[in-house]
file query_19.txt (compact mmCIF, C-alpha atoms)
# COMPACT_ATOMS: atom_id res chain seq x y z
CA MET S 1 135.68 51.11 100.93
CA GLU S 2 134.12 48.89 98.26
CA ASP S 3 131.62 51.62 97.47
CA LEU S 4 134.35 54.22 97.23
CA GLU S 5 136.29 51.98 94.89
CA ARG S 6 133.24 51.60 92.67
CA LEU S 7 132.56 55.35 92.64
CA LEU S 8 136.18 56.06 91.84
CA ARG S 9 136.17 53.53 89.02
CA GLU S 10 132.99 55.02 87.54
CA HIS S 11 134.36 58.56 87.34
CA PRO S 12 135.75 59.57 83.89
CA PHE S 13 139.03 60.58 85.53
CA SER S 14 139.73 56.90 86.24
CA LYS S 15 138.99 55.71 82.71
CA GLY S 16 141.77 53.31 81.71
CA LEU S 17 143.48 53.60 85.10
CA ARG S 18 145.24 50.40 86.04
CA GLU S 19 143.44 48.37 88.71
CA ASP S 20 146.43 48.26 91.09
CA ILE S 21 146.81 52.06 90.91
CA LEU S 22 143.12 52.55 91.53
CA LYS S 23 143.29 50.29 94.58
CA ARG S 24 146.27 52.25 95.91
CA ILE S 25 144.57 55.62 95.74
CA VAL S 26 141.17 54.61 97.06
CA SER S 27 142.46 54.93 100.62
CA CYS S 28 142.98 58.69 99.93
CA ALA S 29 139.34 59.15 98.85
CA ARG S 30 136.19 60.01 100.76
CA ASN S 31 132.65 60.79 99.77
CA VAL S 32 131.49 64.40 100.18
CA ARG S 33 128.40 66.46 99.43
CA PHE S 34 127.80 70.19 99.27
CA ASN S 35 124.47 71.96 99.40
CA GLU S 36 123.47 74.68 96.96
CA GLY S 37 125.40 77.86 97.71
CA GLU S 38 127.93 76.16 99.97
CA TYR S 39 131.58 77.03 99.44
CA ILE S 40 133.78 74.01 98.75
CA PHE S 41 136.92 76.05 99.23
CA ARG S 42 137.98 79.66 99.36
CA GLU S 43 140.88 81.53 97.79
CA GLY S 44 143.96 81.45 100.03
CA GLU S 45 142.95 78.41 102.04
CA GLU S 46 145.18 75.39 102.12
CA ALA S 47 144.56 73.09 99.14
CA ASP S 48 144.26 69.77 100.95
CA TYR S 49 142.02 68.06 98.43
CA PHE S 50 140.92 67.81 94.85
CA TYR S 51 137.45 66.70 93.88
CA LEU S 52 136.00 64.34 91.32
CA ILE S 53 132.50 65.71 90.74
CA ARG S 54 129.99 62.89 90.51
CA TYR S 55 126.82 64.91 90.42
CA GLY S 56 125.99 68.61 90.47
CA ARG S 57 127.48 71.88 89.35
CA VAL S 58 130.23 74.05 90.80
CA ALA S 59 131.17 77.66 90.02
CA ILE S 60 134.78 78.76 90.10
CA GLU S 61 134.73 82.36 91.25
CA ILE S 62 137.14 85.18 91.79
CA GLY S 63 136.45 88.00 94.21
CA VAL S 64 136.72 91.57 92.95
CA PRO S 65 136.74 94.37 95.57
CA GLY S 66 133.53 96.41 95.51
CA ARG S 67 131.78 94.08 93.06
CA PRO S 68 129.99 90.76 93.27
CA PRO S 69 132.30 87.78 92.61
CA ILE S 70 132.84 86.91 88.94
CA THR S 71 132.25 83.34 87.79
CA ILE S 72 135.04 82.30 85.45
CA GLN S 73 134.02 78.69 84.88
CA THR S 74 131.41 76.15 85.84
CA LEU S 75 132.17 72.47 86.33
CA HIS S 76 129.80 69.53 86.09
CA ASP S 77 129.38 65.80 86.62
CA GLY S 78 132.50 64.02 85.44
CA ASP S 79 134.74 67.08 85.85
CA ILE S 80 137.70 67.53 88.16
CA LEU S 81 137.83 70.39 90.61
CA GLY S 82 141.17 71.69 91.83
CA PHE S 83 144.81 71.58 90.74
CA SER S 84 146.36 73.50 93.63
CA TRP S 85 146.94 70.36 95.71
CA LEU S 86 149.59 69.45 93.13
CA ILE S 87 151.52 72.70 92.95
CA PRO S 88 153.37 74.38 95.85
CA PRO S 89 152.55 76.29 98.00
CA TYR S 90 149.28 74.25 97.89
CA HIS S 91 146.83 77.11 98.35
CA TRP S 92 143.58 77.66 96.47
CA ILE S 93 143.72 80.58 94.07
CA PHE S 94 139.95 80.79 93.43
CA ASP S 95 136.73 80.18 95.32
CA ALA S 96 134.57 77.16 94.47
CA ARG S 97 130.85 77.24 95.25
CA ALA S 98 128.21 74.58 94.68
CA LEU S 99 125.49 75.92 92.35
CA GLU S 100 123.23 73.01 93.25
CA LEU S 101 123.44 69.94 95.43
CA THR S 102 126.82 68.48 94.49
CA ARG S 103 128.22 65.06 95.28
CA ALA S 104 131.89 64.35 94.78
CA LEU S 105 134.82 62.22 95.79
CA ALA S 106 137.41 64.23 97.71
CA LEU S 107 140.95 62.98 97.29
CA ASP S 108 143.41 63.91 100.01
CA GLY S 109 146.28 65.87 98.45
CA ASN S 110 148.79 65.06 101.22
CA CYS S 111 148.02 61.37 100.96
CA LEU S 112 148.31 61.40 97.16
CA ARG S 113 151.50 63.46 97.05
CA LYS S 114 153.07 60.97 99.45
CA LYS S 115 152.01 58.03 97.28
CA CYS S 116 153.23 59.78 94.12
CA GLU S 117 156.66 60.35 95.73
CA GLU S 118 156.85 56.72 96.83
CA ASP S 119 155.61 55.26 93.55
CA HIS S 120 156.74 57.20 90.49
CA GLU S 121 154.64 55.09 88.17
CA LEU S 122 151.56 56.25 90.03
CA GLY S 123 152.94 59.79 90.09
CA TYR S 124 153.51 59.78 86.31
CA GLU S 125 150.02 58.44 85.70
CA PHE S 126 148.55 61.28 87.76
CA LEU S 127 150.72 63.87 86.08
CA LYS S 128 149.65 62.67 82.61
CA ARG S 129 145.99 62.88 83.54
CA PHE S 130 146.26 66.27 85.19
CA SER S 131 148.43 67.69 82.38
CA TYR S 132 145.74 66.79 79.85
CA ILE S 133 143.01 68.46 81.90
CA MET S 134 145.19 71.53 82.46
CA TYR S 135 145.89 71.67 78.72
CA LYS S 136 142.15 71.58 77.94
CA ARG S 137 141.42 74.28 80.52
CA LEU S 138 144.27 76.45 79.19
CA GLN S 139 142.85 76.18 75.66
CA ALA S 140 139.43 77.12 76.93
CA THR S 141 140.82 80.06 78.91
CA ARG S 142 142.69 81.34 75.84
CA LEU S 143 139.50 81.20 73.81
CA GLN S 144 137.63 83.07 76.55
CA LEU S 145 140.38 85.70 76.68
CA LEU S 146 140.09 86.28 72.93
CA ASP S 147 136.63 87.74 73.57
CA VAL S 148 135.53 86.41 70.18
CA TYR S 149 131.96 87.59 70.67
CA GLY S 150 133.01 91.19 71.29
CA SER S 151 131.93 93.97 68.91
CA PRO S 152 133.80 93.83 65.61
CA LYS S 153 133.97 96.83 63.33
CA GLY S 154 131.64 96.50 60.37
CA ARG S 155 129.24 98.13 58.00
CA MET J 1 112.44 87.06 43.76
CA GLY J 2 112.37 89.99 41.31
CA HIS J 3 115.49 91.39 39.68
CA PRO J 4 118.35 90.42 41.97
CA LEU J 5 119.90 93.88 41.90
CA ILE J 6 116.71 95.88 42.50
CA PRO J 7 115.53 96.05 46.10
CA ALA J 8 111.91 95.66 47.10
CA ILE J 9 110.81 98.38 49.49
CA LEU J 10 109.36 97.00 52.72
CA SER J 11 108.38 98.73 55.94
CA VAL J 12 109.50 98.07 59.47
CA GLY J 13 106.88 96.32 61.58
CA GLN J 14 107.71 94.92 64.99
CA ILE J 15 111.03 95.90 66.55
CA ARG J 16 112.52 93.84 69.37
CA ARG J 17 115.65 94.88 71.20
CA GLU J 18 117.53 91.66 71.92
CA THR J 19 120.61 93.10 73.67
CA GLY J 20 122.32 96.47 73.98
CA ASP J 21 123.51 96.39 70.37
CA VAL J 22 121.27 93.82 68.67
CA VAL J 23 117.73 94.31 67.35
CA THR J 24 115.32 92.03 65.55
CA LEU J 25 113.21 93.70 62.89
CA THR J 26 110.09 92.22 61.33
CA LEU J 27 109.66 93.69 57.86
CA GLU J 28 106.27 93.82 56.17
CA GLY J 29 104.82 94.59 52.76
CA TYR J 30 106.74 92.19 50.54
CA GLY J 31 103.62 91.88 48.45
CA ARG J 32 103.83 88.13 47.90
CA PRO J 33 104.92 85.13 50.01
CA PHE J 34 108.54 85.51 51.04
CA ARG J 35 110.15 82.11 50.58
CA PHE J 36 113.64 81.37 51.84
CA ARG J 37 115.63 78.44 53.16
CA PRO J 38 117.39 78.49 56.56
CA GLY J 39 120.88 79.94 56.25
CA GLN J 40 120.13 82.32 53.40
CA PHE J 41 120.59 86.08 53.64
CA ASN J 42 119.15 89.31 52.27
CA MET J 43 120.85 92.55 51.33
CA LEU J 44 119.29 95.34 53.41
CA TYR J 45 119.47 98.77 51.85
CA LEU J 46 119.09 102.22 53.33
CA PRO J 47 119.13 105.02 50.71
CA GLY J 48 122.05 107.36 51.27
CA ALA J 49 123.70 105.01 53.75
CA GLY J 50 124.47 101.75 51.97
CA GLU J 51 123.67 98.10 51.82
CA VAL J 52 124.58 95.22 54.13
CA PRO J 53 124.18 91.43 53.97
CA ILE J 54 122.12 90.18 56.91
CA SER J 55 121.05 86.58 57.44
CA ILE J 56 117.36 85.84 57.72
CA SER J 57 116.44 84.91 61.27
CA GLY J 58 112.71 84.27 60.96
CA ASP J 59 110.52 81.23 60.52
CA PRO J 60 110.60 79.84 56.95
CA GLY J 61 107.03 78.67 57.50
CA LYS J 62 105.78 82.25 58.03
CA MET J 63 105.97 83.72 54.55
CA ASP J 64 104.06 86.94 55.31
CA ARG J 65 107.09 88.59 56.91
CA VAL J 66 110.84 89.01 56.61
CA VAL J 67 112.75 88.84 59.89
CA HIS J 68 116.30 90.01 60.46
CA THR J 69 118.42 90.23 63.56
CA VAL J 70 120.96 93.00 63.18
CA ARG J 71 123.97 93.82 65.30
CA MET J 72 124.80 97.52 65.22
CA VAL J 73 128.51 97.45 64.49
CA GLY J 74 128.92 99.99 61.68
CA SER J 75 127.34 103.01 60.04
CA VAL J 76 124.67 101.15 58.02
CA THR J 77 123.78 98.60 60.70
CA GLY J 78 123.76 101.44 63.25
CA LEU J 79 121.13 103.26 61.20
CA ILE J 80 119.13 100.06 60.64
CA GLY J 81 119.11 99.56 64.40
CA ARG J 82 117.60 103.01 64.84
CA LEU J 83 114.75 102.53 62.37
CA LYS J 84 111.23 103.03 63.71
CA LYS J 85 107.99 101.25 63.02
CA GLY J 86 106.76 102.17 59.54
CA ASP J 87 110.15 103.29 58.21
CA PRO J 88 110.99 102.01 54.70
CA ILE J 89 113.91 99.69 54.01
CA GLY J 90 115.14 98.08 50.80
CA VAL J 91 115.47 94.30 50.61
CA ARG J 92 117.20 92.18 47.97
CA GLY J 93 117.18 88.44 48.27
CA PRO J 94 117.10 85.77 49.45
CA PHE J 95 120.62 84.76 48.44
CA GLY J 96 123.10 82.05 49.21
CA ASN J 97 123.49 78.40 49.90
CA PRO J 98 121.28 77.15 52.79
CA TRP J 99 121.92 74.80 55.71
CA PRO J 100 121.48 71.14 54.65
CA VAL J 101 118.33 70.53 56.70
CA ASP J 102 116.65 68.28 54.11
CA GLU J 103 119.84 66.28 53.58
CA ALA J 104 120.12 65.72 57.35
CA ARG J 105 116.80 63.88 57.62
CA GLY J 106 117.23 60.81 59.80
CA ASP J 107 120.34 62.22 61.49
CA ASP J 108 120.78 63.81 64.88
CA ILE J 109 121.03 67.56 64.36
CA LEU J 110 123.59 69.47 66.37
CA LEU J 111 123.55 73.26 66.15
CA VAL J 112 126.48 75.15 67.66
CA ALA J 113 126.07 78.91 67.78
CA GLY J 114 128.29 81.68 69.09
CA GLY J 115 127.12 85.24 69.77
CA VAL J 116 124.91 86.61 66.98
CA GLY J 117 125.64 83.38 65.10
CA LEU J 118 122.41 82.10 66.61
CA ALA J 119 120.45 84.33 64.19
CA PRO J 120 121.19 82.33 60.98
CA LEU J 121 120.53 79.10 62.89
CA ARG J 122 117.15 80.12 64.32
CA PRO J 123 115.35 79.29 61.04
CA VAL J 124 116.81 75.77 61.31
CA VAL J 125 115.24 75.44 64.76
CA TYR J 126 111.84 76.48 63.40
CA ASP J 127 112.21 74.19 60.40
CA VAL J 128 113.27 71.12 62.39
CA LEU J 129 110.59 71.65 65.04
CA SER J 130 107.95 71.94 62.32
CA ARG J 131 108.78 68.37 61.16
CA ARG J 132 110.42 67.04 64.29
CA LYS J 133 109.77 63.36 63.57
CA ASP J 134 112.02 63.52 60.48
CA PHE J 135 115.12 63.83 62.64
CA GLY J 136 116.90 62.07 65.49
CA ARG J 137 118.09 63.98 68.52
CA PHE J 138 117.99 67.74 68.18
CA LEU J 139 120.54 69.78 70.09
CA LEU J 140 121.32 73.47 70.30
CA LEU J 141 124.53 74.55 72.02
CA TYR J 142 124.91 78.29 72.38
CA GLY J 143 127.74 80.45 73.68
CA ALA J 144 127.72 84.19 74.26
CA ARG J 145 129.91 86.79 75.92
CA THR J 146 127.78 87.44 79.02
CA PRO J 147 124.20 86.62 80.09
CA ASP J 148 123.12 90.08 78.84
CA ASP J 149 124.38 89.21 75.35
CA LEU J 150 122.17 86.15 74.86
CA LEU J 151 119.76 86.46 71.94
CA TYR J 152 116.16 85.21 71.92
CA LYS J 153 116.04 84.58 75.67
CA ARG J 154 112.32 83.83 75.74
CA GLU J 155 112.62 81.33 72.91
CA LEU J 156 115.64 79.69 74.50
CA HIS J 157 113.53 79.14 77.63
CA ARG J 158 110.69 77.77 75.55
CA TRP J 159 112.90 75.43 73.52
CA ARG J 160 114.62 74.28 76.68
CA GLY J 161 111.26 73.36 78.16
CA ARG J 162 110.48 70.97 75.30
CA PHE J 163 111.03 67.26 75.76
CA ASP J 164 112.20 66.77 72.18
CA MET J 165 115.03 69.27 72.07
CA TYR J 166 118.23 69.66 74.10
CA VAL J 167 119.41 73.22 74.73
CA ASP J 168 122.58 74.11 76.59
CA VAL J 169 123.88 77.65 77.00
CA THR J 170 127.16 79.02 78.26
CA VAL J 171 128.74 82.45 78.61
CA ASP J 172 132.37 83.55 78.74
CA SER J 173 131.95 85.40 82.02
CA ALA J 174 129.19 86.24 84.46
CA SER J 175 128.54 87.60 87.93
CA SER J 176 127.83 85.11 90.68
CA THR J 177 124.07 85.72 90.31
CA TRP J 178 124.05 83.81 86.97
CA LYS J 179 122.85 80.27 87.51
CA GLY J 180 123.91 78.91 84.13
CA ASN J 181 127.17 77.66 82.67
CA VAL J 182 130.36 79.67 82.34
CA GLY J 183 132.97 78.47 79.89
CA VAL J 184 133.55 78.04 76.20
CA VAL J 185 130.92 76.62 73.87
CA THR J 186 133.16 73.67 72.98
CA ALA J 187 132.84 72.42 76.58
CA LEU J 188 129.13 71.92 75.91
CA ILE J 189 129.94 69.47 73.10
CA GLU J 190 131.65 67.11 75.55
CA ARG J 191 128.50 66.91 77.66
CA ALA J 192 125.94 66.67 74.86
CA ARG J 193 124.62 63.24 73.87
CA PHE J 194 124.40 62.47 70.17
CA ASP J 195 125.44 59.69 67.84
CA PRO J 196 128.63 61.01 66.22
CA TYR J 197 128.28 58.61 63.27
CA HIS J 198 124.81 59.87 62.41
CA THR J 199 124.94 63.54 63.29
CA THR J 200 124.92 66.61 61.07
CA ALA J 201 126.49 69.62 62.79
CA MET J 202 125.75 73.19 61.75
CA VAL J 203 128.05 75.80 63.22
CA CYS J 204 127.80 79.57 63.12
CA GLY J 205 129.77 82.18 65.02
CA PRO J 206 133.05 84.05 64.91
CA GLU J 207 135.60 82.22 62.78
CA VAL J 208 137.93 81.47 65.71
CA MET J 209 135.04 79.92 67.63
CA MET J 210 134.13 77.81 64.58
CA ARG J 211 137.69 76.51 64.26
CA PHE J 212 137.74 75.43 67.90
CA THR J 213 134.28 73.93 67.49
CA VAL J 214 135.30 71.90 64.43
CA ARG J 215 138.21 70.46 66.43
CA ALA J 216 135.92 69.52 69.30
CA LEU J 217 133.34 67.97 66.94
CA MET J 218 135.99 65.86 65.26
CA GLU J 219 137.35 64.79 68.66
CA ALA J 220 133.78 63.73 69.44
CA GLY J 221 133.84 61.52 66.34
CA LEU J 222 132.06 63.55 63.65
CA LYS J 223 133.28 63.24 60.10
CA GLU J 224 134.41 66.33 58.19
CA GLU J 225 131.65 65.96 55.61
CA LYS J 226 128.99 66.12 58.34
CA ILE J 227 130.12 69.52 59.63
CA PHE J 228 128.75 72.71 58.04
CA LEU J 229 129.88 76.26 58.69
CA SER J 230 128.43 79.62 57.81
CA MET J 231 131.21 81.92 56.64
CA GLU J 232 131.11 85.69 56.71
CA ARG J 233 132.85 87.87 54.14
CA ASN J 234 132.35 91.33 52.68
CA MET J 235 129.37 90.63 50.41
CA LYS J 236 128.29 93.41 48.04
CA CYS J 237 126.48 92.25 44.90
CA ALA J 238 125.25 88.97 46.46
CA ILE J 239 125.16 87.21 43.09
CA GLY J 240 128.82 86.30 42.56
CA LEU J 241 129.73 89.09 40.16
CA CYS J 242 131.68 91.73 42.05
CA GLY J 243 134.22 89.47 43.77
CA HIS J 244 134.25 91.33 47.09
CA CYS J 245 133.45 88.19 49.05
CA GLN J 246 136.01 85.98 47.38
CA PHE J 247 137.15 83.16 49.67
CA GLY J 248 139.81 81.16 47.87
CA PRO J 249 138.08 79.71 44.79
CA TYR J 250 134.62 80.55 46.17
CA PHE J 251 132.32 83.53 46.38
CA VAL J 252 130.71 83.44 49.81
CA CYS J 253 127.53 85.12 48.55
CA LYS J 254 126.90 82.50 45.87
CA ASP J 255 128.76 79.33 46.92
CA GLY J 256 128.12 80.01 50.63
CA PRO J 257 127.55 81.37 53.15
CA VAL J 258 127.04 77.76 54.25
CA PHE J 259 129.93 75.49 53.35
CA ARG J 260 130.66 71.88 54.12
CA TYR J 261 133.77 71.86 56.29
CA ASP J 262 135.83 69.55 54.07
CA THR J 263 135.39 71.91 51.12
CA VAL J 264 136.86 74.90 52.97
CA LYS J 265 139.14 73.33 55.55
CA GLU J 266 142.31 74.33 53.68
CA LEU J 267 141.07 77.92 53.64
CA ILE J 268 139.82 78.50 57.14
CA TRP J 269 143.15 77.54 58.69
CA ARG J 270 145.05 79.82 56.32
CA LYS J 271 145.71 83.30 57.68
CA GLU J 272 145.99 85.04 54.29
CA VAL J 273 142.47 84.11 53.12
call {"tool": "encode", "arguments": {"input": "query_19.txt", "output": "structure tokens"}}
result
Amino acid sequence: MEDLERLLREHPFSKGLREDILKRIVSCARNVRFNEGEYIFREGEEADYFYLIRYGRVAIEIGVPGRPPITIQTLHDGDILGFSWLIPPYHWIFDARALELTRALALDGNCLRKKCEEDHELGYEFLKRFSYIMYKRLQATRLQLLDVYGSPKGR
Amino acid sequence: MGHPLIPAILSVGQIRRETGDVVTLTLEGYGRPFRFRPGQFNMLYLPGAGEVPISISGDPGKMDRVVHTVRMVGSVTGLIGRLKKGDPIGVRGPFGNPWPVDEARGDDILLVAGGVGLAPLRPVVYDVLSRRKDFGRFLLLYGARTPDDLLYKRELHRWRGRFDMYVDVTVDSASSTWKGNVGVVTALIERARFDPYHTTAMVCGPEVMMRFTVRALMEAGLKEEKIFLSMERNMKCAIGLCGHCQFGPYFVCKDGPVFRYDTVKELIWRKEV
């Protein structure tokens, strides 16, 4: 548990997180590793966890019938993988696949949701952190959608 | 440089197809050493077709050739892209304000390129690598549409293999066979290691990408006066006479194309300019 607490504290997600909150959530965490090519989760499966990536790289993919899956984003050390544990009906909407050996902390969504309901201060802290990450990802997605590198008309 | 309005006639030497719509042409026969500074551009002229401003993408240390990377997006660039070895082409230049490579000595150098925006930054890479010890960390962050749209793939591999240069590449979308990053180029800034108080950033790409990049650089701690952008406008005369490339109080051909961010920040956020 001490090790988990240290790993949790070291992850950028926990930066500035109050010590008592950190201690409360550590019981929802466990250490996980995924080998290169291994799927961490698949679209449609129940979103039981989210992941704090400590080391490695993960591709977020979407399946397209008759074509190889399309990678829409890659995540790295220090990134957070997965929002679906927070939003009903708690199902993954993409696939996540380790591009190389990946080590992460898996945080149990059921456990965290329960704690957030019981302790609104903890819940608000989580919501603030996740809102910021969602905001950053939304900005990035908008920029990707603009297709700024596409062919302009010119001379 | 001879008369700025009279093109020298060169001939096409080596032709390299970079992507489906981008070629790099090595032009020969300038007749004397071709001197330019990274970030400058030439006007390329095809009789009967027209003239276009194209940044110089070659090595400033190799003065026996003129190198341009051209994206075929219009009638003139389309014809330039179809030229064959030995074909003649008119060249006026070099013109414009260069990247501040000399002024950045002692700093970390951070290059952020998007799409064909890597072409005007490639001379900076050659220049910095030719006097590597003059600078701190050297980083190149490059974003493109797909893996097939990446320019200079062999050089990217080579630069990435060096121990004195950091190269990170991302694309907007890719199939699952791509082993690299997928995401916006600004995400690479968060992962790159540089000293924000002693870094000069040089940014080139589509204007929207540059605006997002400036935001990310400033969030990372860079000051406005340490961020430089290469602007693109409709340049015609290239010597600040015709006014086609007017950008607020500036002419991009003469006062740019490289601008310090704080001198143009009021303009690049304004839709009418």
call {"tool": "interface_residues", "arguments": {"input": "query_19.txt", "of": "chain S", "to": "chain J", "cutoff": "10 Å", "atoms": "all atoms listed in the file", "output": "ChimeraX atom specification"}}
result
/S:57-63,67-78,97,99-100,136-137,139-155
call {"tool": "write_last_selection", "arguments": {"input": "query_19.txt", "atoms": "C-alpha atoms", "output": "PDB file, keeping the file's coordinate frame"}}
result
ATOM      1  CA  ARG S  57     127.480  71.880  89.350  1.00  0.00           C
ATOM      2  CA  VAL S  58     130.230  74.050  90.800  1.00  0.00           C
ATOM      3  CA  ALA S  59     131.170  77.660  90.020  1.00  0.00           C
ATOM      4  CA  ILE S  60     134.780  78.760  90.100  1.00  0.00           C
ATOM      5  CA  GLU S  61     134.730  82.360  91.250  1.00  0.00           C
ATOM      6  CA  ILE S  62     137.140  85.180  91.790  1.00  0.00           C
ATOM      7  CA  GLY S  63     136.450  88.000  94.210  1.00  0.00           C
ATOM      8  CA  ARG S  67     131.780  94.080  93.060  1.00  0.00           C
ATOM      9  CA  PRO S  68     129.990  90.760  93.270  1.00  0.00           C
ATOM     10  CA  PRO S  69     132.300  87.780  92.610  1.00  0.00           C
ATOM     11  CA  ILE S  70     132.840  86.910  88.940  1.00  0.00           C
ATOM     12  CA  THR S  71     132.250  83.340  87.790  1.00  0.00           C
ATOM     13  CA  ILE S  72     135.040  82.300  85.450  1.00  0.00           C
ATOM     14  CA  GLN S  73     134.020  78.690  84.880  1.00  0.00           C
ATOM     15  CA  THR S  74     131.410  76.150  85.840  1.00  0.00           C
ATOM     16  CA  LEU S  75     132.170  72.470  86.330  1.00  0.00           C
ATOM     17  CA  HIS S  76     129.800  69.530  86.090  1.00  0.00           C
ATOM     18  CA  ASP S  77     129.380  65.800  86.620  1.00  0.00           C
ATOM     19  CA  GLY S  78     132.500  64.020  85.440  1.00  0.00           C
ATOM     20  CA  ARG S  97     130.850  77.240  95.250  1.00  0.00           C
ATOM     21  CA  LEU S  99     125.490  75.920  92.350  1.00  0.00           C
ATOM     22  CA  GLU S 100     123.230  73.010  93.250  1.00  0.00           C
ATOM     23  CA  LYS S 136     142.150  71.580  77.940  1.00  0.00           C
ATOM     24  CA  ARG S 137     141.420  74.280  80.520  1.00  0.00           C
ATOM     25  CA  GLN S 139     142.850  76.180  75.660  1.00  0.00           C
ATOM     26  CA  ALA S 140     139.430  77.120  76.930  1.00  0.00           C
ATOM     27  CA  THR S 141     140.820  80.060  78.910  1.00  0.00           C
ATOM     28  CA  ARG S 142     142.690  81.340  75.840  1.00  0.00           C
ATOM     29  CA  LEU S 143     139.500  81.200  73.810  1.00  0.00           C
ATOM     30  CA  GLN S 144     137.630  83.070  76.550  1.00  0.00           C
ATOM     31  CA  LEU S 145     140.380  85.700  76.680  1.00  0.00           C
ATOM     32  CA  LEU S 146     140.090  86.280  72.930  1.00  0.00           C
ATOM     33  CA  ASP S 147     136.630  87.740  73.570  1.00  0.00           C
ATOM     34  CA  VAL S 148     135.530  86.410  70.180  1.00  0.00           C
ATOM     35  CA  TYR S 149     131.960  87.590  70.670  1.00  0.00           C
ATOM     36  CA  GLY S 150     133.010  91.190  71.290  1.00  0.00           C
ATOM     37  CA  SER S 151     131.930  93.970  68.910  1.00  0.00           C
ATOM     38  CA  PRO S 152     133.800  93.830  65.610  1.00  0.00           C
ATOM     39  CA  LYS S 153     133.970  96.830  63.330  1.00  0.00           C
ATOM     40  CA  GLY S 154     131.640  96.500  60.370  1.00  0.00           C
ATOM     41  CA  ARG S 155     129.240  98.130  58.000  1.00  0.00           C
TER      42      ARG S 155
END
call {"tool": "atom_distance", "arguments": {"input": "query_19.txt", "atom1": "CA of Thr263 in chain J", "atom2": "CA of Ser55 in chain J"}}
result
21.5 Å
call {"tool": "atom_distance", "arguments": {"input": "query_19.txt", "atom1": "CA of Arg270 in chain J", "atom2": "CA of Val258 in chain J"}}
result
18.2 Å
call {"tool": "closest_residue", "arguments": {"input": "query_19.txt", "among": "S:Phe83, S:Gly16, S:Glu36, S:Trp92", "to": "Ser131 in chain S", "atoms": "all atoms listed in the file"}}
result
S:Phe83
call {"tool": "atom_distance", "arguments": {"input": "query_19.txt", "atom1": "CA of Ile21 in chain S", "atom2": "CA of Glu46 in chain S"}}
result
25.9 Å
call {"tool": "residues_around", "arguments": {"input": "query_19.txt", "residues": "Glu45 in chain S", "least_positions_apart": "3", "cutoff": "8 Å", "atoms": "all atoms listed in the file", "output": "PyMOL selection string"}}
result
chain S and resi 41-42+91-92
call {"tool": "residues_around", "arguments": {"input": "query_19.txt", "residues": "Arg54 in chain S", "least_positions_apart": "4", "cutoff": "12 Å", "atoms": "all atoms listed in the file", "output": "PyMOL selection string"}}
result
chain S and resi 4+6-13+31-34+58+75-81+101-106
call {"tool": "residues_around", "arguments": {"input": "query_19.txt", "residues": "range 113-119 of chain S", "least_positions_apart": "6", "cutoff": "10 Å", "atoms": "all atoms listed in the file", "output": "list in words"}}
result
Ile21, Arg24, Ile25, Cys28, Trp85, Leu86, Glu125, Phe126 and Leu127 of chain S
call {"tool": "decode", "arguments": {"input": "query_19.txt", "residues": "range 75-88 of chain S", "atoms": "C-alpha atoms", "output": "JSON list (two decimals), in the first residue's frame"}}
result
[["chain", "number", "residue", "atom", "x", "y", "z"],
["S", 75, "LEU", "CA", -1.19, 8.72, -24.58],
["S", 76, "HIS", "CA", 2.08, 8.64, -22.69],
["S", 77, "ASP", "CA", 3.73, 8.64, -19.28],
["S", 78, "GLY", "CA", 1.92, 11.08, -17.03],
["S", 79, "ASP", "CA", -1.33, 10.94, -19.02],
["S", 80, "ILE", "CA", -4.73, 9.73, -17.88],
["S", 81, "LEU", "CA", -6.55, 7.02, -19.77],
["S", 82, "GLY", "CA", -10.33, 6.79, -19.59],
["S", 83, "PHE", "CA", -13.24, 9.05, -18.68],
["S", 84, "SER", "CA", -16.08, 6.57, -19.15],
["S", 85, "TRP", "CA", -15.95, 5.37, -15.54],
["S", 86, "LEU", "CA", -17.31, 8.81, -14.61],
["S", 87, "ILE", "CA", -20.20, 9.08, -17.04],
["S", 88, "PRO", "CA", -23.22, 6.73, -17.19]]
